[in-house]
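*Asks:* What follows is run03.txt, made up of compact mmCIF, C-alpha atoms:
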```
# COMPACT_ATOMS: atom_id res chain seq x y z
CA MET A 1038 -26.58 -134.37 -63.88
CA ILE A 1039 -27.14 -133.29 -60.29
CA GLN A 1040 -27.32 -135.73 -57.43
CA THR A 1041 -30.08 -134.82 -54.97
CA PRO A 1042 -30.15 -137.39 -52.21
CA HIS A 1043 -32.94 -137.39 -49.66
CA ALA A 1044 -31.96 -135.95 -46.31
CA PRO A 1045 -30.67 -138.91 -44.28
CA PRO A 1046 -31.95 -139.68 -40.79
CA ASN A 1047 -29.93 -138.27 -37.94
CA THR A 1048 -28.27 -141.64 -37.40
CA ARG A 1049 -27.00 -141.67 -40.99
CA LEU A 1050 -25.87 -138.07 -40.71
CA TRP A 1051 -23.87 -138.73 -37.58
CA LEU A 1052 -22.45 -141.94 -39.03
CA SER A 1053 -21.07 -139.87 -41.91
CA VAL A 1054 -19.66 -137.28 -39.49
CA LEU A 1055 -18.14 -140.05 -37.34
CA ALA A 1056 -16.62 -141.78 -40.36
CA THR A 1057 -15.06 -138.54 -41.56
CA THR A 1058 -13.70 -137.41 -38.18
CA LEU A 1059 -12.63 -140.81 -36.81
CA GLY A 1060 -10.96 -141.57 -40.10
CA GLY A 1061 -9.11 -138.29 -39.74
CA VAL A 1062 -8.00 -139.30 -36.23
CA LEU A 1063 -6.37 -142.46 -37.49
CA GLU A 1064 -4.78 -140.81 -40.51
CA TRP A 1065 -3.32 -137.86 -38.59
CA TYR A 1066 -2.16 -140.22 -35.84
CA ASP A 1067 -0.07 -142.06 -38.41
CA LEU A 1068 1.31 -138.82 -39.84
CA ILE A 1069 2.11 -137.14 -36.50
CA LEU A 1070 3.71 -140.19 -34.88
CA TYR A 1071 6.82 -139.88 -37.02
CA GLY A 1072 7.47 -136.36 -35.73
CA LEU A 1073 7.18 -137.49 -32.12
CA PHE A 1074 9.71 -140.30 -32.67
CA ALA A 1075 12.05 -138.18 -34.81
CA VAL A 1076 14.97 -138.47 -32.37
CA THR A 1077 14.64 -142.25 -32.09
CA LEU A 1078 14.25 -142.72 -35.85
CA SER A 1079 17.29 -140.52 -36.49
CA HIS A 1080 19.47 -143.05 -34.64
CA LEU A 1081 17.94 -146.08 -36.35
CA PHE A 1082 17.56 -144.95 -39.95
CA PHE A 1083 19.75 -141.85 -40.42
CA PRO A 1084 23.08 -142.41 -38.67
CA ALA A 1085 25.51 -139.54 -39.30
CA SER A 1086 28.78 -138.14 -38.03
CA THR A 1087 26.99 -135.92 -35.51
CA ALA A 1088 23.71 -136.32 -33.62
CA GLY A 1089 22.55 -132.89 -34.81
CA PHE A 1090 22.97 -133.73 -38.48
CA SER A 1091 21.32 -137.11 -37.96
CA LEU A 1092 18.31 -135.37 -36.42
CA LEU A 1093 18.15 -132.92 -39.31
CA LEU A 1094 18.00 -135.85 -41.76
CA SER A 1095 15.20 -137.44 -39.74
CA LEU A 1096 13.22 -134.19 -39.57
CA GLY A 1097 13.86 -133.70 -43.27
CA SER A 1098 12.24 -137.07 -43.95
CA PHE A 1099 9.29 -135.91 -41.86
CA GLY A 1100 9.00 -132.92 -44.18
CA VAL A 1101 9.35 -135.05 -47.33
CA ALA A 1102 5.75 -136.20 -46.86
CA PHE A 1103 4.66 -132.64 -47.52
CA VAL A 1104 6.34 -132.66 -50.93
CA ALA A 1105 3.93 -135.41 -51.97
CA ARG A 1106 0.94 -133.62 -50.48
CA PRO A 1107 0.23 -131.27 -53.40
CA VAL A 1108 0.37 -134.26 -55.79
CA GLY A 1109 -2.04 -136.20 -53.59
CA ALA A 1110 -4.24 -133.13 -53.21
CA ALA A 1111 -4.40 -132.63 -56.97
CA TRP A 1112 -5.12 -136.27 -57.82
CA LEU A 1113 -7.32 -137.30 -54.87
CA GLY A 1114 -9.11 -133.93 -54.78
CA SER A 1115 -9.95 -134.18 -58.48
CA TYR A 1116 -11.03 -137.78 -57.98
CA ALA A 1117 -13.35 -136.77 -55.12
CA ASP A 1118 -14.91 -133.92 -57.14
CA ARG A 1119 -15.60 -136.35 -60.01
CA LYS A 1120 -16.47 -139.59 -58.19
CA GLY A 1121 -17.62 -138.44 -54.76
CA ARG A 1122 -16.23 -137.08 -51.50
CA ARG A 1123 -16.74 -140.45 -49.82
CA GLN A 1124 -14.84 -142.48 -52.43
CA GLY A 1125 -11.90 -140.09 -52.21
CA LEU A 1126 -11.76 -140.48 -48.43
CA VAL A 1127 -11.89 -144.29 -48.65
CA LEU A 1128 -8.95 -144.29 -51.03
CA SER A 1129 -6.88 -141.90 -48.88
CA SER A 1130 -7.46 -144.16 -45.85
CA ALA A 1131 -6.23 -147.23 -47.69
CA LEU A 1132 -3.09 -145.46 -48.93
CA MET A 1133 -2.26 -144.11 -45.47
CA THR A 1134 -2.54 -147.60 -43.98
CA VAL A 1135 -0.06 -148.99 -46.51
CA GLY A 1136 2.40 -146.16 -45.84
CA THR A 1137 2.25 -146.64 -42.08
CA GLY A 1138 2.56 -150.41 -42.36
CA LEU A 1139 5.65 -150.01 -44.51
CA LEU A 1140 7.33 -147.90 -41.84
CA ALA A 1141 6.35 -150.32 -39.07
CA ILE A 1142 8.06 -153.32 -40.68
CA THR A 1143 11.13 -151.74 -42.30
CA PRO A 1144 14.47 -153.09 -40.98
CA VAL A 1145 16.85 -150.46 -39.58
CA TYR A 1146 20.00 -149.04 -41.22
CA ALA A 1147 22.28 -151.45 -39.32
CA THR A 1148 20.44 -154.38 -40.94
CA ILE A 1149 19.91 -153.40 -44.58
CA GLY A 1150 22.04 -150.28 -44.96
CA LEU A 1151 21.03 -147.46 -47.31
CA ALA A 1152 17.83 -149.27 -48.29
CA ALA A 1153 16.40 -148.49 -44.82
CA PRO A 1154 16.25 -144.67 -45.11
CA LEU A 1155 15.11 -144.98 -48.74
CA ILE A 1156 12.15 -147.15 -47.69
CA VAL A 1157 11.34 -144.70 -44.89
CA VAL A 1158 11.30 -141.84 -47.39
CA CYS A 1159 9.01 -143.85 -49.71
CA SER A 1160 6.72 -144.54 -46.76
CA ARG A 1161 6.57 -140.84 -45.93
CA LEU A 1162 5.86 -139.95 -49.57
CA LEU A 1163 2.92 -142.36 -49.64
CA GLN A 1164 1.60 -140.99 -46.35
CA GLY A 1165 1.94 -137.46 -47.69
CA PHE A 1166 0.11 -138.37 -50.90
CA ALA A 1167 -2.77 -139.81 -48.86
CA ALA A 1168 -2.85 -136.85 -46.45
CA GLY A 1169 -2.94 -134.47 -49.40
CA GLY A 1170 -6.38 -135.71 -50.32
CA GLU A 1171 -7.56 -136.29 -46.77
CA PHE A 1172 -7.93 -132.67 -45.70
CA GLY A 1173 -9.77 -131.48 -48.80
CA GLY A 1174 -12.17 -134.42 -48.79
CA ALA A 1175 -12.87 -134.29 -45.06
CA ALA A 1176 -13.16 -130.49 -44.95
CA THR A 1177 -15.60 -130.50 -47.88
CA MET A 1178 -17.64 -133.43 -46.56
CA LEU A 1179 -18.10 -131.77 -43.15
CA ALA A 1180 -18.59 -128.18 -44.36
CA GLU A 1181 -21.34 -129.24 -46.76
CA ARG A 1182 -23.44 -130.86 -44.02
CA SER A 1183 -24.99 -127.59 -42.81
CA PRO A 1184 -24.42 -124.13 -44.34
CA LYS A 1185 -25.87 -122.52 -41.20
CA TYR A 1186 -23.36 -124.25 -38.92
CA ARG A 1187 -20.62 -124.73 -41.47
CA GLY A 1188 -17.97 -123.68 -38.99
CA VAL A 1189 -19.01 -126.15 -36.30
CA TYR A 1190 -19.19 -129.14 -38.63
CA SER A 1191 -15.93 -128.39 -40.42
CA SER A 1192 -14.13 -127.70 -37.13
CA LEU A 1193 -14.74 -131.30 -36.10
CA GLN A 1194 -11.82 -132.19 -38.35
CA TRP A 1195 -9.56 -130.17 -36.04
CA SER A 1196 -11.05 -131.94 -33.05
CA ALA A 1197 -10.13 -135.16 -34.81
CA GLY A 1198 -6.63 -133.79 -35.18
CA GLY A 1199 -6.62 -133.05 -31.45
CA VAL A 1200 -7.59 -136.64 -30.70
CA ALA A 1201 -4.77 -137.77 -33.01
CA VAL A 1202 -2.19 -135.54 -31.29
CA THR A 1203 -3.38 -136.68 -27.86
CA LEU A 1204 -3.40 -140.35 -28.87
CA ALA A 1205 0.00 -140.21 -30.54
CA SER A 1206 1.54 -138.28 -27.62
CA ALA A 1207 -0.01 -140.63 -25.06
CA VAL A 1208 1.24 -143.70 -26.90
CA ALA A 1209 4.72 -142.16 -27.19
CA TRP A 1210 4.65 -141.29 -23.49
CA LEU A 1211 3.57 -144.84 -22.56
CA VAL A 1212 6.31 -146.38 -24.68
CA HIS A 1213 8.96 -144.23 -22.98
CA HIS A 1214 7.57 -145.16 -19.55
CA ALA A 1215 7.06 -148.86 -20.16
CA PHE A 1216 10.34 -149.66 -21.91
CA THR A 1217 13.98 -148.83 -21.47
CA GLU A 1218 15.85 -146.81 -24.10
CA VAL A 1219 17.59 -149.99 -25.25
CA GLN A 1220 14.24 -151.76 -25.72
CA ILE A 1221 12.77 -148.78 -27.58
CA LEU A 1222 15.68 -148.67 -29.99
CA ALA A 1223 15.59 -152.44 -30.43
CA TRP A 1224 11.88 -152.98 -31.16
CA ALA A 1225 9.41 -151.08 -28.96
CA TRP A 1226 9.37 -148.01 -31.23
CA ARG A 1227 7.47 -150.12 -33.78
CA LEU A 1228 4.44 -150.68 -31.51
CA PRO A 1229 2.78 -147.26 -32.04
CA PHE A 1230 3.19 -147.57 -35.83
CA ALA A 1231 1.79 -151.11 -35.77
CA LEU A 1232 -1.29 -149.78 -33.94
CA GLY A 1233 -1.90 -147.29 -36.76
CA MET A 1234 -1.49 -150.04 -39.34
CA VAL A 1235 -4.04 -152.29 -37.60
CA LEU A 1236 -6.64 -149.53 -37.17
CA GLY A 1237 -6.39 -148.42 -40.81
CA PRO A 1238 -8.94 -150.92 -42.21
CA LEU A 1239 -11.50 -149.68 -39.67
CA THR A 1240 -11.16 -146.20 -41.15
CA ALA A 1241 -11.84 -147.40 -44.67
CA TRP A 1242 -14.81 -149.55 -43.62
CA LEU A 1243 -16.53 -146.70 -41.75
CA ARG A 1244 -16.21 -144.50 -44.80
CA VAL A 1245 -17.52 -147.17 -47.15
CA ILE A 1246 -20.79 -147.46 -45.20
CA SER A 1247 -21.28 -143.69 -44.70
CA ASP A 1248 -23.42 -141.31 -46.81
CA GLU A 1249 -22.22 -139.05 -49.59
CA SER A 1250 -22.18 -135.27 -49.15
CA PRO A 1251 -25.59 -133.68 -49.92
CA GLU A 1252 -23.93 -130.94 -52.01
CA PHE A 1253 -21.89 -133.26 -54.21
CA ARG A 1254 -22.61 -132.73 -57.89
CA VAL A 1255 -21.77 -135.11 -60.71
CA VAL A 1256 -20.84 -132.99 -63.74
CA GLU A 1257 -20.22 -134.42 -67.21
CA ASN A 1258 -16.86 -133.69 -68.88
CA HIS A 1259 -15.60 -132.38 -65.59
CA LYS A 1260 -11.88 -131.52 -65.16
CA PRO A 1261 -11.59 -130.06 -61.63
CA LEU A 1262 -7.82 -129.68 -61.48
CA GLN A 1263 -7.58 -127.95 -64.84
CA GLU A 1264 -10.43 -125.60 -64.00
CA VAL A 1265 -9.03 -124.65 -60.58
CA VAL A 1266 -5.52 -123.96 -61.85
CA ARG A 1267 -6.77 -122.02 -64.86
CA TYR A 1268 -9.58 -119.97 -63.35
CA GLU A 1269 -8.87 -119.75 -59.61
CA PRO A 1270 -5.08 -119.26 -59.12
CA LEU A 1271 -5.50 -116.17 -56.93
CA ARG A 1272 -7.90 -117.99 -54.63
CA LEU A 1273 -5.38 -120.83 -54.33
CA LEU A 1274 -2.66 -118.38 -53.29
CA LEU A 1275 -5.05 -116.78 -50.82
CA GLY A 1276 -5.84 -120.20 -49.40
CA MET A 1277 -2.15 -120.95 -48.95
CA GLY A 1278 -1.72 -117.73 -47.02
CA LEU A 1279 -4.67 -118.54 -44.78
CA VAL A 1280 -3.05 -121.87 -43.94
CA SER A 1281 0.36 -120.39 -43.05
CA ALA A 1282 -0.24 -119.43 -39.41
CA GLY A 1283 -2.13 -122.59 -38.50
CA ALA A 1284 0.34 -124.87 -40.29
CA THR A 1285 3.31 -123.27 -38.56
CA GLY A 1286 1.58 -123.38 -35.19
CA SER A 1287 0.53 -126.99 -35.65
CA TYR A 1288 3.96 -128.30 -36.53
CA LEU A 1289 5.66 -126.04 -34.04
CA ASN A 1290 3.59 -127.95 -31.48
CA ILE A 1291 4.89 -131.25 -32.87
CA TYR A 1292 8.46 -129.92 -32.78
CA MET A 1293 8.20 -128.87 -29.13
CA PRO A 1294 9.16 -132.30 -27.65
CA THR A 1295 12.32 -132.22 -29.77
CA LEU A 1296 13.09 -128.66 -28.64
CA ALA A 1297 12.41 -129.61 -25.03
CA LYS A 1298 14.76 -132.59 -25.14
CA THR A 1299 17.61 -131.22 -27.25
CA GLN A 1300 17.67 -127.53 -26.24
CA LEU A 1301 15.88 -127.20 -22.89
CA HIS A 1302 17.25 -130.53 -21.59
CA LEU A 1303 13.95 -131.73 -20.17
CA GLY A 1304 13.30 -135.47 -19.75
CA ASP A 1305 11.67 -137.66 -22.39
CA ALA A 1306 8.38 -138.06 -20.53
CA VAL A 1307 8.21 -134.37 -19.54
CA SER A 1308 8.84 -133.31 -23.14
CA PHE A 1309 5.59 -134.91 -24.27
CA MET A 1310 3.42 -133.30 -21.57
CA GLY A 1311 2.76 -130.06 -23.42
CA THR A 1312 1.84 -131.88 -26.62
CA MET A 1313 -0.59 -134.13 -24.75
CA VAL A 1314 -2.29 -131.20 -23.00
CA SER A 1315 -2.52 -129.20 -26.21
CA GLY A 1316 -3.98 -132.27 -27.89
CA VAL A 1317 -6.80 -132.33 -25.33
CA LEU A 1318 -7.46 -128.62 -25.92
CA THR A 1319 -7.71 -129.17 -29.67
CA ILE A 1320 -10.39 -131.80 -29.09
CA VAL A 1321 -12.66 -129.53 -27.05
CA LEU A 1322 -12.06 -125.96 -28.18
CA PRO A 1323 -12.31 -125.92 -32.03
CA PRO A 1324 -16.10 -126.49 -32.18
CA LEU A 1325 -16.65 -123.84 -29.49
CA PHE A 1326 -14.63 -121.20 -31.35
CA ALA A 1327 -16.23 -122.25 -34.64
CA LEU A 1328 -19.70 -121.90 -33.12
CA LEU A 1329 -18.75 -118.41 -31.99
CA GLY A 1330 -17.61 -117.69 -35.53
CA ASP A 1331 -20.91 -118.95 -36.95
CA LYS A 1332 -22.80 -116.64 -34.59
CA VAL A 1333 -20.77 -113.40 -34.58
CA GLY A 1334 -18.74 -113.63 -37.80
CA ARG A 1335 -15.77 -115.90 -38.26
CA ARG A 1336 -13.34 -113.41 -39.84
CA GLY A 1337 -13.29 -111.02 -36.88
CA MET A 1338 -12.96 -113.81 -34.36
CA MET A 1339 -10.16 -115.47 -36.36
CA GLY A 1340 -8.26 -112.19 -36.67
CA VAL A 1341 -8.35 -111.45 -32.95
CA MET A 1342 -7.18 -114.92 -31.94
CA ALA A 1343 -4.39 -115.13 -34.51
CA ALA A 1344 -3.09 -111.67 -33.56
CA ALA A 1345 -3.08 -112.59 -29.87
CA GLY A 1346 -1.07 -115.75 -30.53
CA GLY A 1347 1.40 -114.04 -32.84
CA VAL A 1348 2.10 -111.08 -30.56
CA MET A 1349 2.63 -113.27 -27.48
CA ALA A 1350 4.70 -116.01 -29.15
CA TRP A 1351 8.07 -114.24 -28.91
CA PRO A 1352 7.89 -113.26 -25.20
CA LEU A 1353 6.46 -116.66 -24.27
CA PHE A 1354 9.39 -118.50 -25.83
CA HIS A 1355 11.84 -116.18 -24.07
CA PHE A 1356 10.07 -117.00 -20.81
CA LEU A 1357 10.28 -120.75 -21.50
CA VAL A 1358 13.98 -120.56 -22.35
CA ALA A 1359 14.75 -118.55 -19.22
CA PHE A 1360 12.69 -120.83 -16.93
CA PRO A 1361 12.51 -124.29 -18.57
CA SER A 1362 10.17 -126.72 -16.83
CA GLY A 1363 7.39 -129.13 -17.67
CA VAL A 1364 4.74 -126.77 -16.28
CA HIS A 1365 5.99 -123.81 -18.29
CA LEU A 1366 6.19 -125.97 -21.42
CA VAL A 1367 2.55 -126.93 -20.96
CA LEU A 1368 1.47 -123.31 -20.41
CA VAL A 1369 3.25 -122.00 -23.52
CA GLN A 1370 1.95 -124.75 -25.78
CA ALA A 1371 -1.57 -124.46 -24.35
CA PHE A 1372 -1.74 -120.71 -25.02
CA LEU A 1373 -0.42 -120.95 -28.58
CA VAL A 1374 -2.68 -123.88 -29.42
CA THR A 1375 -5.73 -122.10 -27.98
CA THR A 1376 -5.16 -118.91 -29.96
CA VAL A 1377 -3.54 -119.90 -33.26
CA TYR A 1378 -4.89 -123.42 -33.71
CA CYS A 1379 -8.29 -123.46 -32.01
CA GLY A 1380 -9.23 -119.80 -32.29
CA TYR A 1381 -7.93 -119.13 -35.80
CA TYR A 1382 -7.18 -122.37 -37.66
CA ALA A 1383 -10.35 -124.22 -36.66
CA SER A 1384 -12.48 -121.91 -38.84
CA VAL A 1385 -10.23 -122.00 -41.91
CA PRO A 1386 -12.08 -124.98 -43.51
CA ALA A 1387 -15.39 -123.13 -43.23
CA LEU A 1388 -13.80 -120.09 -44.83
CA PHE A 1389 -12.45 -122.29 -47.61
CA ALA A 1390 -15.95 -123.64 -48.26
CA GLU A 1391 -17.18 -120.06 -48.62
CA ILE A 1392 -14.57 -118.93 -51.14
CA PHE A 1393 -14.65 -122.05 -53.40
CA LEU A 1394 -17.69 -123.28 -55.36
CA PRO A 1395 -19.03 -126.85 -54.87
CA ARG A 1396 -18.15 -127.88 -58.44
CA ASN A 1397 -14.39 -127.98 -57.70
CA ARG A 1398 -14.43 -127.44 -53.96
CA THR A 1399 -12.53 -130.55 -52.87
CA THR A 1400 -9.75 -129.99 -55.40
CA ALA A 1401 -9.39 -126.30 -54.53
CA ILE A 1402 -9.41 -126.86 -50.76
CA ALA A 1403 -7.03 -129.82 -50.97
CA LEU A 1404 -4.55 -127.92 -53.16
CA SER A 1405 -4.66 -124.75 -51.05
CA TYR A 1406 -4.12 -126.70 -47.88
CA ALA A 1407 -1.43 -129.02 -49.27
CA LEU A 1408 0.59 -126.22 -50.85
CA GLY A 1409 0.28 -124.15 -47.69
CA GLN A 1410 1.40 -127.10 -45.59
CA LEU A 1411 4.33 -127.72 -47.93
CA VAL A 1412 5.59 -124.16 -47.62
CA PHE A 1413 4.71 -123.45 -43.98
CA GLY A 1414 4.08 -126.82 -42.31
CA GLY A 1415 5.98 -130.02 -42.97
CA PHE A 1416 9.49 -128.59 -42.99
CA THR A 1417 8.82 -126.35 -39.99
CA PRO A 1418 10.49 -128.73 -37.47
CA MET A 1419 13.62 -128.97 -39.63
CA ILE A 1420 13.71 -125.20 -40.31
CA LEU A 1421 13.27 -124.37 -36.63
CA SER A 1422 15.93 -126.87 -35.61
CA PHE A 1423 18.33 -125.26 -38.08
CA LEU A 1424 17.48 -121.68 -37.05
CA VAL A 1425 17.87 -122.44 -33.35
CA THR A 1426 21.29 -123.94 -33.98
CA TYR A 1427 22.43 -121.31 -36.49
CA PHE A 1428 21.41 -118.24 -34.47
CA GLN A 1429 22.01 -119.88 -31.09
CA ASP A 1430 18.61 -118.54 -30.05
CA LYS A 1431 16.24 -121.06 -28.48
CA ALA A 1432 13.35 -118.56 -28.59
CA ILE A 1433 13.43 -118.02 -32.36
CA PRO A 1434 10.39 -120.29 -32.99
CA GLY A 1435 8.24 -117.50 -31.50
CA PHE A 1436 9.52 -114.97 -34.02
CA TYR A 1437 8.99 -117.43 -36.88
CA LEU A 1438 5.37 -117.97 -35.82
CA LEU A 1439 4.77 -114.21 -35.64
CA GLY A 1440 5.84 -113.84 -39.28
CA THR A 1441 3.39 -116.45 -40.57
CA VAL A 1442 0.58 -115.01 -38.44
CA MET A 1443 1.08 -111.63 -40.11
CA LEU A 1444 0.79 -113.25 -43.54
CA SER A 1445 -2.43 -115.04 -42.57
CA LEU A 1446 -3.98 -111.84 -41.25
CA ILE A 1447 -3.31 -110.07 -44.55
CA CYS A 1448 -4.94 -112.94 -46.47
CA LEU A 1449 -7.87 -112.98 -44.04
CA VAL A 1450 -8.68 -109.38 -44.92
CA CYS A 1451 -8.66 -110.28 -48.63
CA THR A 1452 -11.17 -113.13 -48.35
CA ARG A 1453 -14.33 -111.06 -48.11
CA ARG A 1454 -14.53 -110.23 -51.82
CA TYR A 1455 -14.07 -113.84 -52.91
CA ALA A 1456 -16.55 -115.18 -50.36
CA GLU A 1457 -19.21 -112.78 -51.65
CA GLN A 1458 -18.51 -113.81 -55.25
CA SER A 1459 -18.78 -117.53 -54.38
CA LYS A 1460 -22.09 -116.95 -52.57
CA ILE A 1461 -23.53 -115.31 -55.67
CA GLY A 1462 -22.14 -118.07 -57.89
CA ALA A 1463 -23.58 -120.82 -55.71
CA GLU A 1464 -27.02 -119.26 -55.90
```
Please re-express this file's structure in structure tokens.
*Replies:*
Amino acid sequence: MIQTPHAPPNTRLWLSVLATTLGGVLEWYDLILYGLFAVTLSHLFFPASTAGFSLLLSLGSFGVAFVARPVGAAWLGSYADRKGRRQGLVLSSALMTVGTGLLAITPVYATIGLAAPLIVVCSRLLQGFAAGGEFGGAATMLAERSPKYRGVYSSLQWSAGGVAVTLASAVAWLVHHAFTEVQILAWAWRLPFALGMVLGPLTAWLRVISDESPEFRVVENHKPLQEVVRYEPLRLLLGMGLVSAGATGSYLNIYMPTLAKTQLHLGDAVSFMGTMVSGVLTIVLPPLFALLGDKVGRRGMMGVMAAAGGVMAWPLFHFLVAFPSGVHLVLVQAFLVTTVYCGYYASVPALFAEIFLPRNRTTAIALSYALGQLVFGGFTPMILSFLVTYFQDKAIPGFYLLGTVMLSLICLVCTRRYAEQSKIGAE
């Protein structure tokens, strides 16, 4: 049975787009906030013999969410392909709200001992499970709105991520300005997480009242996960490779405040400046680059931007280490975000929609993205923190980013054959 809804009025169309993107803002805000407060949370929930090891445990818990992502992608993606993109997004919003609320109310290690870090890890696992289904559902919902402008619509998810980064960074900056370090450690750190918990129900409600994707098909005896794993394993691996550069660049950006504070010895407020500026850029630039990709060909545009970011990453980090300042931090982050995130990563969802068929599209996109994020994203802050300490080289994040960019460029070249096959299959 095929669902063929009438084309909704523009107001209904934009309500669906708003519900998808605004919901993404709130979900990614919750997910990103932990990374920005990693140093604070390391003191409260992961006390250890040394501050460095305590921070590694905190960053490791940040990465734990990405272990749950493939599970969430498999289950929620399959659910969305069988029941509807909208229903999958509603469920992911509800789960993310519970995970964030759990973190906001958990007593610290000094109060309940070992139970505190265990609850934090459970909270992160639930958030990761929800986020695993969020990207696939949102990317599919937006990409299916208009094949002609697939890139522009799907890139709005990255703009939503930019809003989330900006909002989370701004809230973190305000907390560090409004309260003393003693107050932050005592209770003020909970305020940003409480905000995410309160806004969660709004996300779910907007998605409940929005329209379903016009390309969603209800298929009898449908087993999306089994079909994707059995018949499309090479496409999944290709999707993971496409994610590698953007995932590394994205979470390198989140790690930058930690690098700035612990290695470059910049102040707390200054450390968040680059993340806030890059957040603003990721609101405005993704649709513009995606529109360019829709007009002139997204693969060529993505290749040029990724290569520019990868080649310049190493010298830019050396420059930042040699001349550490808030201005230089902003410039380095702004350049890398513009090239790798906005220029390359913003068009990845549209490319995903072209290489996977509608029948199992949400499952395939969610799995590719979640597995790619697991390998190249969530543990990036912890890996970079370890590499910087081990090699005593503060510029090594630039070299790490270059490696993942090279992998993504190889996968980008390989997508053409699969995109052509999917186009024929869809017809």
*Asks:* Would you mind listing what lies within 8 Å of A:Thr1400 as a PyMOL selection string, with only C-alpha atoms counted and same-chain residues fewer than 5 positions away left out?
*Replies:* chain A and resi 1110-1111+1113-1115+1117-1118+1173+1261-1262+1265
*Asks:* Within 9 Å of stretch 1425-1436 of chain A, counting only C-alpha atoms, which residues qualify if same-chain residues fewer than 6 places away don't, as a list in words?
*Replies:*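 Using only C-alpha atoms, the neighbours found are Leu1289, Leu1296, Gln1300, Leu1301, Gly1347, Val1348, Met1349, Ala1350, Trp1351, Pro1352, Leu1353, Phe1354, His1355, Phe1356, Leu1357 and Val1358 of chain A.
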*Asks:* Counting only C-alpha atoms, find the residues whose atoms lie at most 10 Å from (5.0, -125.4, -35.8) (file coordinates) and write them out as a PyMOL selection string.
*Replies:* chain A and resi 1281-1293+1413-1418+1420-1421+1434-1435+1437-1438
*Asks:* Can you tell me, as a PDB file with C-alpha atoms, keeping the file's coordinate frame, what residues are no more than 12 Å from A:Met1178 when counting only C-alpha atoms, ignoring any on the same chain fewer than 2 positions away?
*Replies:*
```pdb
ATOM      1  CA  LEU A1050     -25.870-138.070 -40.710  1.00  0.00           C
ATOM      2  CA  SER A1053     -21.070-139.870 -41.910  1.00  0.00           C
ATOM      3  CA  VAL A1054     -19.660-137.280 -39.490  1.00  0.00           C
ATOM      4  CA  LEU A1055     -18.140-140.050 -37.340  1.00  0.00           C
ATOM      5  CA  ALA A1056     -16.620-141.780 -40.360  1.00  0.00           C
ATOM      6  CA  THR A1057     -15.060-138.540 -41.560  1.00  0.00           C
ATOM      7  CA  THR A1058     -13.700-137.410 -38.180  1.00  0.00           C
ATOM      8  CA  GLY A1061      -9.110-138.290 -39.740  1.00  0.00           C
ATOM      9  CA  GLY A1114      -9.110-133.930 -54.780  1.00  0.00           C
ATOM     10  CA  ALA A1117     -13.350-136.770 -55.120  1.00  0.00           C
ATOM     11  CA  ASP A1118     -14.910-133.920 -57.140  1.00  0.00           C
ATOM     12  CA  GLY A1121     -17.620-138.440 -54.760  1.00  0.00           C
ATOM     13  CA  ARG A1122     -16.230-137.080 -51.500  1.00  0.00           C
ATOM     14  CA  ARG A1123     -16.740-140.450 -49.820  1.00  0.00           C
ATOM     15  CA  GLN A1124     -14.840-142.480 -52.430  1.00  0.00           C
ATOM     16  CA  GLY A1125     -11.900-140.090 -52.210  1.00  0.00           C
ATOM     17  CA  LEU A1126     -11.760-140.480 -48.430  1.00  0.00           C
ATOM     18  CA  GLU A1171      -7.560-136.290 -46.770  1.00  0.00           C
ATOM     19  CA  PHE A1172      -7.930-132.670 -45.700  1.00  0.00           C
ATOM     20  CA  GLY A1173      -9.770-131.480 -48.800  1.00  0.00           C
ATOM     21  CA  GLY A1174     -12.170-134.420 -48.790  1.00  0.00           C
ATOM     22  CA  ALA A1175     -12.870-134.290 -45.060  1.00  0.00           C
ATOM     23  CA  ALA A1176     -13.160-130.490 -44.950  1.00  0.00           C
ATOM     24  CA  ALA A1180     -18.590-128.180 -44.360  1.00  0.00           C
ATOM     25  CA  GLU A1181     -21.340-129.240 -46.760  1.00  0.00           C
ATOM     26  CA  ARG A1182     -23.440-130.860 -44.020  1.00  0.00           C
ATOM     27  CA  SER A1183     -24.990-127.590 -42.810  1.00  0.00           C
ATOM     28  CA  PRO A1184     -24.420-124.130 -44.340  1.00  0.00           C
ATOM     29  CA  ARG A1187     -20.620-124.730 -41.470  1.00  0.00           C
ATOM     30  CA  TYR A1190     -19.190-129.140 -38.630  1.00  0.00           C
ATOM     31  CA  SER A1191     -15.930-128.390 -40.420  1.00  0.00           C
ATOM     32  CA  SER A1192     -14.130-127.700 -37.130  1.00  0.00           C
ATOM     33  CA  LEU A1193     -14.740-131.300 -36.100  1.00  0.00           C
ATOM     34  CA  GLN A1194     -11.820-132.190 -38.350  1.00  0.00           C
ATOM     35  CA  ARG A1244     -16.210-144.500 -44.800  1.00  0.00           C
ATOM     36  CA  SER A1247     -21.280-143.690 -44.700  1.00  0.00           C
ATOM     37  CA  ASP A1248     -23.420-141.310 -46.810  1.00  0.00           C
ATOM     38  CA  GLU A1249     -22.220-139.050 -49.590  1.00  0.00           C
ATOM     39  CA  SER A1250     -22.180-135.270 -49.150  1.00  0.00           C
ATOM     40  CA  PRO A1251     -25.590-133.680 -49.920  1.00  0.00           C
ATOM     41  CA  GLU A1252     -23.930-130.940 -52.010  1.00  0.00           C
ATOM     42  CA  PHE A1253     -21.890-133.260 -54.210  1.00  0.00           C
ATOM     43  CA  PRO A1386     -12.080-124.980 -43.510  1.00  0.00           C
ATOM     44  CA  ALA A1387     -15.390-123.130 -43.230  1.00  0.00           C
ATOM     45  CA  ALA A1390     -15.950-123.640 -48.260  1.00  0.00           C
ATOM     46  CA  PRO A1395     -19.030-126.850 -54.870  1.00  0.00           C
ATOM     47  CA  ARG A1398     -14.430-127.440 -53.960  1.00  0.00           C
ATOM     48  CA  THR A1399     -12.530-130.550 -52.870  1.00  0.00           C
ATOM     49  CA  ILE A1402      -9.410-126.860 -50.760  1.00  0.00           C
TER      50      ILE A1402
END
```
